[in-house]
file final_0.cif (mmCIF, C-alpha atoms and all ligand atoms)
data_target
loop_
_atom_site.label_atom_id
_atom_site.label_comp_id
_atom_site.auth_asym_id
_atom_site.auth_seq_id
_atom_site.Cartn_x
_atom_site.Cartn_y
_atom_site.Cartn_z
CA MET A 532 0.00 0.00 0.00
CA ILE A 533 2.78 2.40 0.93
CA THR A 534 4.71 1.47 -2.21
CA PHE A 535 1.61 2.13 -4.27
CA SER A 536 0.94 5.57 -2.75
CA LEU A 537 4.60 6.50 -3.18
CA LEU A 538 4.43 5.46 -6.83
CA LEU A 539 1.25 7.49 -7.23
CA SER A 540 2.94 10.52 -5.60
CA PHE A 541 5.85 10.16 -8.02
CA ILE A 542 3.57 10.00 -11.05
CA LEU A 543 1.55 12.99 -9.82
CA GLY A 544 4.80 14.93 -9.27
CA ALA A 545 6.19 13.99 -12.70
CA VAL A 546 2.97 15.05 -14.48
CA ILE A 547 2.91 18.37 -12.60
CA GLY A 548 6.67 18.69 -13.26
CA SER A 549 6.01 18.35 -16.97
CA PHE A 550 3.62 21.31 -16.72
CA LEU A 551 6.06 23.31 -14.57
CA ASN A 552 8.75 22.80 -17.17
CA VAL A 553 6.49 24.27 -19.84
CA VAL A 554 5.78 27.20 -17.52
CA SER A 555 9.52 27.80 -17.00
CA LEU A 556 10.16 27.67 -20.76
CA ARG A 557 7.25 29.92 -21.76
CA LEU A 558 7.55 32.40 -18.89
CA ASN A 559 8.19 35.96 -20.13
CA THR A 560 8.16 34.84 -23.78
CA GLY A 561 4.70 36.18 -24.50
CA LYS A 562 3.48 32.64 -25.17
CA GLY A 563 0.55 31.53 -23.08
CA ILE A 564 0.65 28.55 -20.78
CA GLY A 565 -2.25 26.89 -22.60
CA GLY A 566 -2.23 25.37 -26.07
CA ARG A 567 -0.97 22.04 -27.30
CA SER A 568 2.67 21.22 -26.82
CA ALA A 569 4.73 21.14 -29.98
CA CYS A 570 8.34 20.41 -30.94
CA MET A 571 10.50 23.50 -30.40
CA SER A 572 12.24 22.95 -33.76
CA CYS A 573 9.67 21.70 -36.27
CA ASP A 574 6.48 22.79 -34.50
CA ASN A 575 5.06 19.30 -34.88
CA GLN A 576 2.16 18.90 -32.45
CA LEU A 577 2.87 16.21 -29.91
CA THR A 578 0.57 13.26 -29.36
CA TRP A 579 -0.12 11.88 -25.89
CA LYS A 580 2.51 9.19 -26.53
CA GLU A 581 5.15 11.90 -26.82
CA LEU A 582 3.93 13.70 -23.71
CA VAL A 583 4.35 10.99 -21.07
CA PRO A 584 6.76 12.45 -18.49
CA ILE A 585 10.29 10.96 -18.44
CA PHE A 586 9.11 7.88 -20.35
CA SER A 587 8.66 9.61 -23.73
CA PHE A 588 12.13 11.12 -23.51
CA MET A 589 13.66 7.69 -22.85
CA VAL A 590 11.69 5.90 -25.57
CA GLN A 591 12.49 8.58 -28.17
CA LYS A 592 16.13 8.67 -26.97
CA GLY A 593 15.86 12.40 -26.39
CA ALA A 594 14.98 13.34 -29.97
CA CYS A 595 11.87 14.61 -31.76
CA LYS A 596 10.05 11.78 -33.54
CA LYS A 597 9.54 13.82 -36.68
CA CYS A 598 12.58 16.06 -37.20
CA LYS A 599 15.04 14.15 -34.96
CA SER A 600 16.29 17.36 -33.36
CA SER A 601 17.36 16.73 -29.80
CA ILE A 602 15.07 17.51 -26.88
CA SER A 603 16.51 19.32 -23.89
CA TRP A 604 17.58 17.23 -20.89
CA GLN A 605 15.66 19.78 -18.89
CA TYR A 606 12.42 17.89 -19.62
CA PRO A 607 13.16 14.55 -17.92
CA LEU A 608 15.30 16.32 -15.29
CA ILE A 609 12.51 18.60 -14.05
CA GLU A 610 9.90 15.85 -14.36
CA GLY A 611 12.05 13.41 -12.38
CA ALA A 612 12.96 16.04 -9.79
CA ALA A 613 9.29 16.95 -9.33
CA GLY A 614 8.38 13.28 -8.92
CA ILE A 615 11.07 12.72 -6.28
CA ILE A 616 10.29 15.91 -4.37
CA PHE A 617 6.57 15.07 -4.28
CA VAL A 618 7.35 11.62 -2.87
CA LEU A 619 9.66 13.07 -0.21
CA ILE A 620 7.30 15.89 0.84
CA LEU A 621 4.35 13.50 1.17
CA TRP A 622 6.62 11.17 3.14
CA VAL A 623 8.00 13.81 5.53
CA PHE A 624 4.80 15.91 5.79
CA PRO A 625 2.01 13.34 5.38
CA PRO A 626 -1.53 14.76 5.26
CA ILE A 627 -2.71 12.70 8.24
CA SER A 628 -5.20 15.31 9.43
CA LEU A 629 -6.84 18.38 7.97
CA GLN A 630 -4.32 20.63 9.76
CA ALA A 631 -1.41 18.52 8.57
CA ALA A 632 -2.81 18.56 5.03
CA VAL A 633 -2.55 22.36 4.92
CA THR A 634 1.17 22.08 5.68
CA THR A 635 1.52 19.37 3.03
CA VAL A 636 -0.16 21.60 0.44
CA ILE A 637 2.01 24.62 1.37
CA HIS A 638 5.14 22.50 0.90
CA LEU A 639 3.94 21.00 -2.39
CA PHE A 640 3.00 24.44 -3.71
CA ALA A 641 6.35 25.88 -2.62
CA ALA A 642 8.13 22.98 -4.36
CA CYS A 643 6.30 23.75 -7.62
CA VAL A 644 7.29 27.42 -7.43
CA LEU A 645 10.90 26.52 -6.58
CA LEU A 646 11.20 24.07 -9.47
CA VAL A 647 10.17 26.78 -11.93
CA ILE A 648 12.58 29.22 -10.25
CA ALA A 649 15.44 26.69 -10.48
CA ALA A 650 14.78 25.92 -14.15
CA TYR A 651 14.37 29.59 -15.05
CA ASP A 652 17.42 30.74 -13.07
CA ALA A 653 19.61 28.00 -14.58
CA ARG A 654 18.64 29.14 -18.07
CA HIS A 655 18.32 32.92 -17.75
CA LYS A 656 20.39 33.63 -14.61
CA ILE A 657 17.58 35.65 -13.14
CA ILE A 658 14.83 34.86 -10.66
CA PRO A 659 11.40 36.23 -11.61
CA ASP A 660 9.99 38.46 -8.85
CA ALA A 661 6.44 37.12 -9.00
CA LEU A 662 7.70 33.58 -8.34
CA VAL A 663 10.14 34.38 -5.57
CA TYR A 664 7.63 36.61 -3.75
CA THR A 665 5.08 33.80 -3.92
CA PHE A 666 7.64 31.48 -2.38
CA SER A 667 8.58 33.98 0.36
CA PHE A 668 4.92 34.49 1.19
CA LEU A 669 4.45 30.71 1.57
CA GLY A 670 7.47 30.68 3.90
CA LEU A 671 5.97 33.45 6.03
CA LEU A 672 2.68 31.57 6.08
CA SER A 673 4.44 28.41 7.31
CA VAL A 674 5.76 30.36 10.32
CA PHE A 675 2.17 30.91 11.48
CA MET A 676 1.00 27.35 10.86
CA GLY A 677 0.23 25.41 13.99
CA SER A 678 1.40 21.89 14.65
CA GLY A 679 -0.73 19.05 15.96
CA ALA A 680 -4.30 20.05 16.73
CA SER A 681 -4.01 23.83 16.40
CA TRP A 682 -4.39 25.64 13.09
CA PHE A 683 -2.45 28.67 14.09
CA GLN A 684 0.50 29.52 16.31
CA ILE A 685 1.92 32.82 17.45
CA PRO A 686 5.44 32.74 16.04
CA THR A 687 8.49 33.60 18.10
CA ILE A 688 10.31 36.78 17.20
CA TRP A 689 13.26 34.69 15.94
CA SER A 690 11.17 32.61 13.57
CA LEU A 691 9.85 35.87 12.12
CA LEU A 692 13.34 37.36 11.89
CA ALA A 693 14.83 34.18 10.37
CA GLY A 694 13.87 35.26 6.84
CA PRO A 695 15.35 38.78 6.95
CA ILE A 696 18.45 37.56 8.85
CA LEU A 697 19.20 34.92 6.21
CA ALA A 698 18.50 37.35 3.35
CA PHE A 699 20.69 40.12 4.76
CA PRO A 700 24.15 38.75 3.74
CA PHE A 701 22.91 38.21 0.18
CA ALA A 702 21.45 41.70 -0.03
CA PHE A 703 24.73 43.03 1.41
CA LEU A 704 26.79 41.18 -1.24
CA TRP A 705 24.43 42.49 -3.89
CA VAL A 706 24.99 46.08 -2.76
CA VAL A 707 28.78 45.73 -2.31
CA SER A 708 29.32 43.99 -5.67
CA LYS A 709 26.73 46.16 -7.43
CA GLY A 710 24.93 42.99 -8.41
CA THR A 711 27.92 41.21 -10.00
CA TRP A 712 28.46 38.46 -7.36
CA MET A 713 24.92 37.90 -6.28
CA GLY A 714 21.58 38.82 -7.75
CA LEU A 715 18.97 40.40 -5.53
CA GLY A 716 16.83 37.39 -6.46
CA ASP A 717 19.08 35.22 -4.27
CA ALA A 718 18.36 37.51 -1.30
CA LYS A 719 14.62 37.20 -1.89
CA LEU A 720 15.01 33.43 -2.16
CA ALA A 721 16.97 33.33 1.11
CA LEU A 722 14.14 35.28 2.75
CA GLY A 723 11.68 32.47 2.09
CA ILE A 724 14.23 29.76 2.98
CA GLY A 725 14.83 31.47 6.35
CA TRP A 726 11.12 31.45 7.10
CA PHE A 727 10.70 27.83 6.07
CA LEU A 728 13.74 26.48 7.94
CA GLY A 729 14.40 28.95 10.75
CA ILE A 730 17.80 30.53 11.31
CA GLY A 731 19.73 27.34 12.14
CA GLY A 732 18.29 25.33 9.26
CA GLY A 733 18.68 28.31 6.95
CA ILE A 734 22.38 28.71 7.73
CA ASN A 735 22.88 25.00 7.11
CA ALA A 736 21.05 25.21 3.78
CA VAL A 737 23.13 28.17 2.58
CA THR A 738 26.38 26.48 3.68
CA LEU A 739 25.40 23.32 1.80
CA ALA A 740 24.51 25.40 -1.26
CA PHE A 741 27.98 27.01 -1.28
CA TRP A 742 29.73 23.66 -0.83
CA ILE A 743 27.77 21.98 -3.63
CA ALA A 744 28.28 24.96 -5.96
CA ALA A 745 32.02 25.04 -5.19
CA THR A 746 32.40 21.27 -5.67
CA ILE A 747 30.63 21.36 -9.01
CA SER A 748 32.74 24.33 -10.15
CA VAL A 749 35.97 22.47 -9.26
CA VAL A 750 34.80 19.26 -10.98
CA TRP A 751 33.84 21.35 -14.01
CA LEU A 752 37.31 22.94 -14.08
CA LEU A 753 39.06 19.55 -13.78
CA MET A 754 36.89 17.91 -16.43
CA THR A 755 37.38 20.67 -18.97
CA ARG A 756 41.00 21.21 -17.81
CA GLY A 757 40.44 24.91 -18.00
CA SER A 758 39.81 24.76 -21.75
CA LEU A 759 36.30 25.96 -21.17
CA LYS A 760 36.15 29.00 -18.99
CA PRO A 761 33.67 28.60 -16.19
CA ARG A 762 30.73 30.83 -16.69
CA THR A 763 31.47 34.07 -14.93
CA GLU A 764 27.97 34.27 -13.59
CA ILE A 765 26.86 31.09 -11.86
CA PRO A 766 23.15 30.99 -11.14
CA PHE A 767 23.09 30.35 -7.41
CA GLY A 768 19.33 29.88 -7.07
CA PRO A 769 19.26 26.15 -7.94
CA TYR A 770 21.96 25.45 -5.32
CA LEU A 771 20.10 27.38 -2.64
CA ILE A 772 16.97 25.40 -3.44
CA LEU A 773 18.89 22.10 -3.33
CA GLY A 774 20.43 23.09 0.01
CA MET A 775 17.02 23.95 1.39
CA TYR A 776 15.56 20.58 0.47
CA ILE A 777 18.51 18.61 1.85
CA VAL A 778 17.92 20.33 5.20
CA LEU A 779 14.09 20.33 5.09
CA LEU A 780 13.61 16.72 4.01
CA PHE A 781 16.65 14.96 5.50
CA GLY A 782 17.44 17.20 8.46
CA VAL A 783 21.09 17.35 7.42
CA GLN A 784 23.18 19.54 9.70
CA VAL A 785 26.64 20.58 8.51
CA ILE A 786 27.31 23.21 11.14
CA ASP A 787 26.74 22.75 14.82
CA LEU A 788 24.56 25.59 15.90
CA GLU A 789 24.29 24.83 19.62
CA ALA A 790 25.52 28.29 20.51
CA LEU A 791 22.96 29.91 18.24
CA LYS A 792 20.25 27.62 19.53
CA PHE A 793 20.94 28.82 23.05
CA ILE A 794 20.44 32.44 22.03
CA PHE A 795 17.38 31.85 19.89
CA SER A 796 15.61 29.57 22.34
CA SER A 797 16.07 31.87 25.29
CA GLY A 798 12.45 32.82 25.00
CA VAL A 799 12.76 36.20 23.34
ZN ZN B 801 10.63 18.24 -34.24
#
call {"tool": "encode", "arguments": {"input": "final_0.cif", "output": "structure tokens"}}
result
Amino acid sequence: MITFSLLLSFILGAVIGSFLNVVSLRLNTGKGIGGRSACMSCDNQLTWKELVPIFSFMVQKGACKKCKSSISWQYPLIEGAAGIIFVLILWVFPPISLQAAVTTVIHLFAACVLLVIAAYDARHKIIPDALVYTFSFLGLLSVFMGSGASWFQIPTIWSLLAGPILAFPFAFLWVVSKGTWMGLGDAKLALGIGWFLGIGGGINAVTLAFWIAATISVVWLLMTRGSLKPRTEIPFGPYLILGMYIVLLFGVQVIDLEALKFIFSSGV
């Protein structure tokens, strides 16, 4: 039964992921979200067989059936990521009661927004305001969500400040570097992450994001042996999002924050 519901969650996530991918590709292009999907190269309208998430890409070996032009890896990647994240969120935040279900829905909705942000940032190196503000708002909302039987809780001052505190260093870097090291979008993203994870979790997520980004940059340098210059502007959004989910879903802690915990739990 559990296996079946996990499989169902994955399929649901992958189908929604397929839609999110289209949103990320059509966002700010003037194209609507509706309308039949077609090949980007030959405009051939796709049949349902070519629209099955992940599966179609594998069967067609990543190429259009008609014109054989290659299909972006972004399709199966986002669809697979959405499937996995849906499974994990439903596993960690199961909708066991009506109150719990609200939290589940907030997390699922946030995941959808973040997937579009990650895909868009990776491609365009910018985070759309409408998306990141939606995410931040969901984070703020989560601060007020009760646990157990209560719908609502009065947040501590530190859980309210967690967002701004986590966003501040990014905003500072943005000002100091005049936007060349960090985009302001990363600060807005950190705002929501702070609210979702609290200060301790937020610091862990950001640290993880830097480590993963640095590791990938080094591997990239070694693999290309410096023949390909690393892109001067690395979109940091996807790493921040990855860091957030490693902390949120697996509770990974890379820095011991006992000292901080003492300050923040002192009942302020
Ligand atoms: Zn085609």
call {"tool": "residues_near_ligand", "arguments": {"input": "final_0.cif", "ligand": "ligand ZN 801 (chain B)", "cutoff": "7 Å", "atoms": "only C-alpha atoms and all ligand atoms", "output": "PyMOL selection string"}}
result
chain A and resi 570-575+595-600
call {"tool": "atom_distance", "arguments": {"input": "final_0.cif", "atom1": "CA of Ile542 in chain A", "atom2": "CA of Thr665 in chain A"}}
result
24.9 Å
call {"tool": "closest_residue", "arguments": {"input": "final_0.cif", "among": "A:Pro766, A:Gly716, A:Gly563, A:Pro700", "to": "Phe666 in chain A", "atoms": "all atoms listed in the file"}}
result
A:Gly716
call {"tool": "atom_distance", "arguments": {"input": "final_0.cif", "atom1": "CA of Ile658 in chain A", "atom2": "CA of Gly566 in chain A"}}
result
24.9 Å
call {"tool": "closest_residue", "arguments": {"input": "final_0.cif", "among": "A:Leu538, A:Leu543, A:Ile627, A:Ile772", "to": "Val583 in chain A", "atoms": "only C-alpha atoms"}}
result
A:Leu543
call {"tool": "residues_around", "arguments": {"input": "final_0.cif", "residues": "Leu669 in chain A", "least_positions_apart": "2", "cutoff": "12 Å", "atoms": "only C-alpha atoms", "output": "ChimeraX atom specification"}}
result
/A:633-645,662-667,671-676,694,720,722-727
call {"tool": "closest_residue", "arguments": {"input": "final_0.cif", "among": "A:Ile685, A:Ile547, A:Ala632, A:Ala721", "to": "Ile620 in chain A", "atoms": "all atoms listed in the file"}}
result
A:Ala632
call {"tool": "atom_distance", "arguments": {"input": "final_0.cif", "atom1": "CA of Asn735 in chain A", "atom2": "CA of Lys719 in chain A"}}
result
17.3 Å
call {"tool": "residues_around", "arguments": {"input": "final_0.cif", "residues": "Gly733 in chain A", "least_positions_apart": "3", "cutoff": "8 Å", "atoms": "all atoms listed in the file", "output": "PyMOL selection string"}}
result
chain A and resi 693+697+721+724-725+728-730+736-737+775
call {"tool": "closest_residue", "arguments": {"input": "final_0.cif", "among": "A:Pro584, A:Ile564, A:Ser708, A:Pro626", "to": "Ala612 in chain A", "atoms": "all atoms listed in the file"}}
result
A:Pro584
call {"tool": "axis_aligned_box", "arguments": {"input": "final_0.cif", "around": "range 690-703 of chain A", "padding_each_side": "5 Å", "output": "lines of an AutoDock Vina configuration file"}}
result
center_x = 17.3
center_y = 37.8
center_z = 6.8
size_x = 24.9
size_y = 20.4
size_z = 23.6
call {"tool": "residues_around", "arguments": {"input": "final_0.cif", "residues": "Ala613 in chain A", "least_positions_apart": "4", "cutoff": "8 Å", "atoms": "all atoms listed in the file", "output": "PyMOL selection string"}}
result
chain A and resi 541+544-545+547-548+609+617+642-643+646
call {"tool": "residues_around", "arguments": {"input": "final_0.cif", "residues": "range 742-747 of chain A", "least_positions_apart": "2", "cutoff": "10 Å", "atoms": "all atoms listed in the file", "output": "PyMOL selection string"}}
result
chain A and resi 736-740+749-753+765-767+769-771+773-774
call {"tool": "residues_near_point", "arguments": {"input": "final_0.cif", "point": "(24.1, 21.3, 12.5)", "cutoff": "12 Å", "atoms": "all atoms listed in the file", "output": "JSON, numbers by chain"}}
result
{"A": [730, 731, 732, 733, 734, 735, 736, 738, 739, 778, 782, 783, 784, 785, 786, 787, 788, 789, 790, 791, 792]}
call {"tool": "decode", "arguments": {"input": "final_0.cif", "residues": "range 535-549 of chain A", "atoms": "N, CA and C atoms", "output": "PDB file, in the first residue's frame"}}
result
ATOM      1  N   PHE A 535       2.548   1.651  -3.252  1.00  0.00           N
ATOM      2  CA  PHE A 535       1.609   2.129  -4.267  1.00  0.00           C
ATOM      3  C   PHE A 535       1.383   3.636  -4.143  1.00  0.00           C
ATOM      4  N   SER A 536       1.195   4.130  -2.903  1.00  0.00           N
ATOM      5  CA  SER A 536       0.945   5.566  -2.753  1.00  0.00           C
ATOM      6  C   SER A 536       2.194   6.384  -3.074  1.00  0.00           C
ATOM      7  N   LEU A 537       3.370   5.802  -2.821  1.00  0.00           N
ATOM      8  CA  LEU A 537       4.603   6.501  -3.184  1.00  0.00           C
ATOM      9  C   LEU A 537       4.726   6.593  -4.704  1.00  0.00           C
ATOM     10  N   LEU A 538       4.378   5.481  -5.370  1.00  0.00           N
ATOM     11  CA  LEU A 538       4.425   5.459  -6.833  1.00  0.00           C
ATOM     12  C   LEU A 538       3.453   6.480  -7.402  1.00  0.00           C
ATOM     13  N   LEU A 539       2.270   6.545  -6.793  1.00  0.00           N
ATOM     14  CA  LEU A 539       1.250   7.494  -7.227  1.00  0.00           C
ATOM     15  C   LEU A 539       1.745   8.943  -7.028  1.00  0.00           C
ATOM     16  N   SER A 540       2.389   9.187  -5.880  1.00  0.00           N
ATOM     17  CA  SER A 540       2.937  10.515  -5.603  1.00  0.00           C
ATOM     18  C   SER A 540       3.977  10.886  -6.656  1.00  0.00           C
ATOM     19  N   PHE A 541       4.812   9.894  -7.022  1.00  0.00           N
ATOM     20  CA  PHE A 541       5.849  10.156  -8.019  1.00  0.00           C
ATOM     21  C   PHE A 541       5.222  10.515  -9.362  1.00  0.00           C
ATOM     22  N   ILE A 542       4.220   9.744  -9.766  1.00  0.00           N
ATOM     23  CA  ILE A 542       3.565   9.996 -11.055  1.00  0.00           C
ATOM     24  C   ILE A 542       2.899  11.371 -11.051  1.00  0.00           C
ATOM     25  N   LEU A 543       2.199  11.679  -9.956  1.00  0.00           N
ATOM     26  CA  LEU A 543       1.553  12.993  -9.822  1.00  0.00           C
ATOM     27  C   LEU A 543       2.607  14.101  -9.943  1.00  0.00           C
ATOM     28  N   GLY A 544       3.723  13.945  -9.233  1.00  0.00           N
ATOM     29  CA  GLY A 544       4.799  14.930  -9.273  1.00  0.00           C
ATOM     30  C   GLY A 544       5.370  15.083 -10.673  1.00  0.00           C
ATOM     31  N   ALA A 545       5.592  13.958 -11.359  1.00  0.00           N
ATOM     32  CA  ALA A 545       6.185  13.988 -12.696  1.00  0.00           C
ATOM     33  C   ALA A 545       5.260  14.674 -13.696  1.00  0.00           C
ATOM     34  N   VAL A 546       3.947  14.417 -13.571  1.00  0.00           N
ATOM     35  CA  VAL A 546       2.974  15.053 -14.476  1.00  0.00           C
ATOM     36  C   VAL A 546       2.942  16.569 -14.223  1.00  0.00           C
ATOM     37  N   ILE A 547       2.899  16.945 -12.937  1.00  0.00           N
ATOM     38  CA  ILE A 547       2.914  18.372 -12.604  1.00  0.00           C
ATOM     39  C   ILE A 547       4.259  18.982 -13.030  1.00  0.00           C
ATOM     40  N   GLY A 548       5.337  18.231 -12.855  1.00  0.00           N
ATOM     41  CA  GLY A 548       6.667  18.691 -13.260  1.00  0.00           C
ATOM     42  C   GLY A 548       6.732  18.992 -14.740  1.00  0.00           C
ATOM     43  N   SER A 549       6.061  18.153 -15.522  1.00  0.00           N
ATOM     44  CA  SER A 549       6.011  18.351 -16.972  1.00  0.00           C
ATOM     45  C   SER A 549       5.365  19.700 -17.299  1.00  0.00           C
TER      46      SER A 549
END
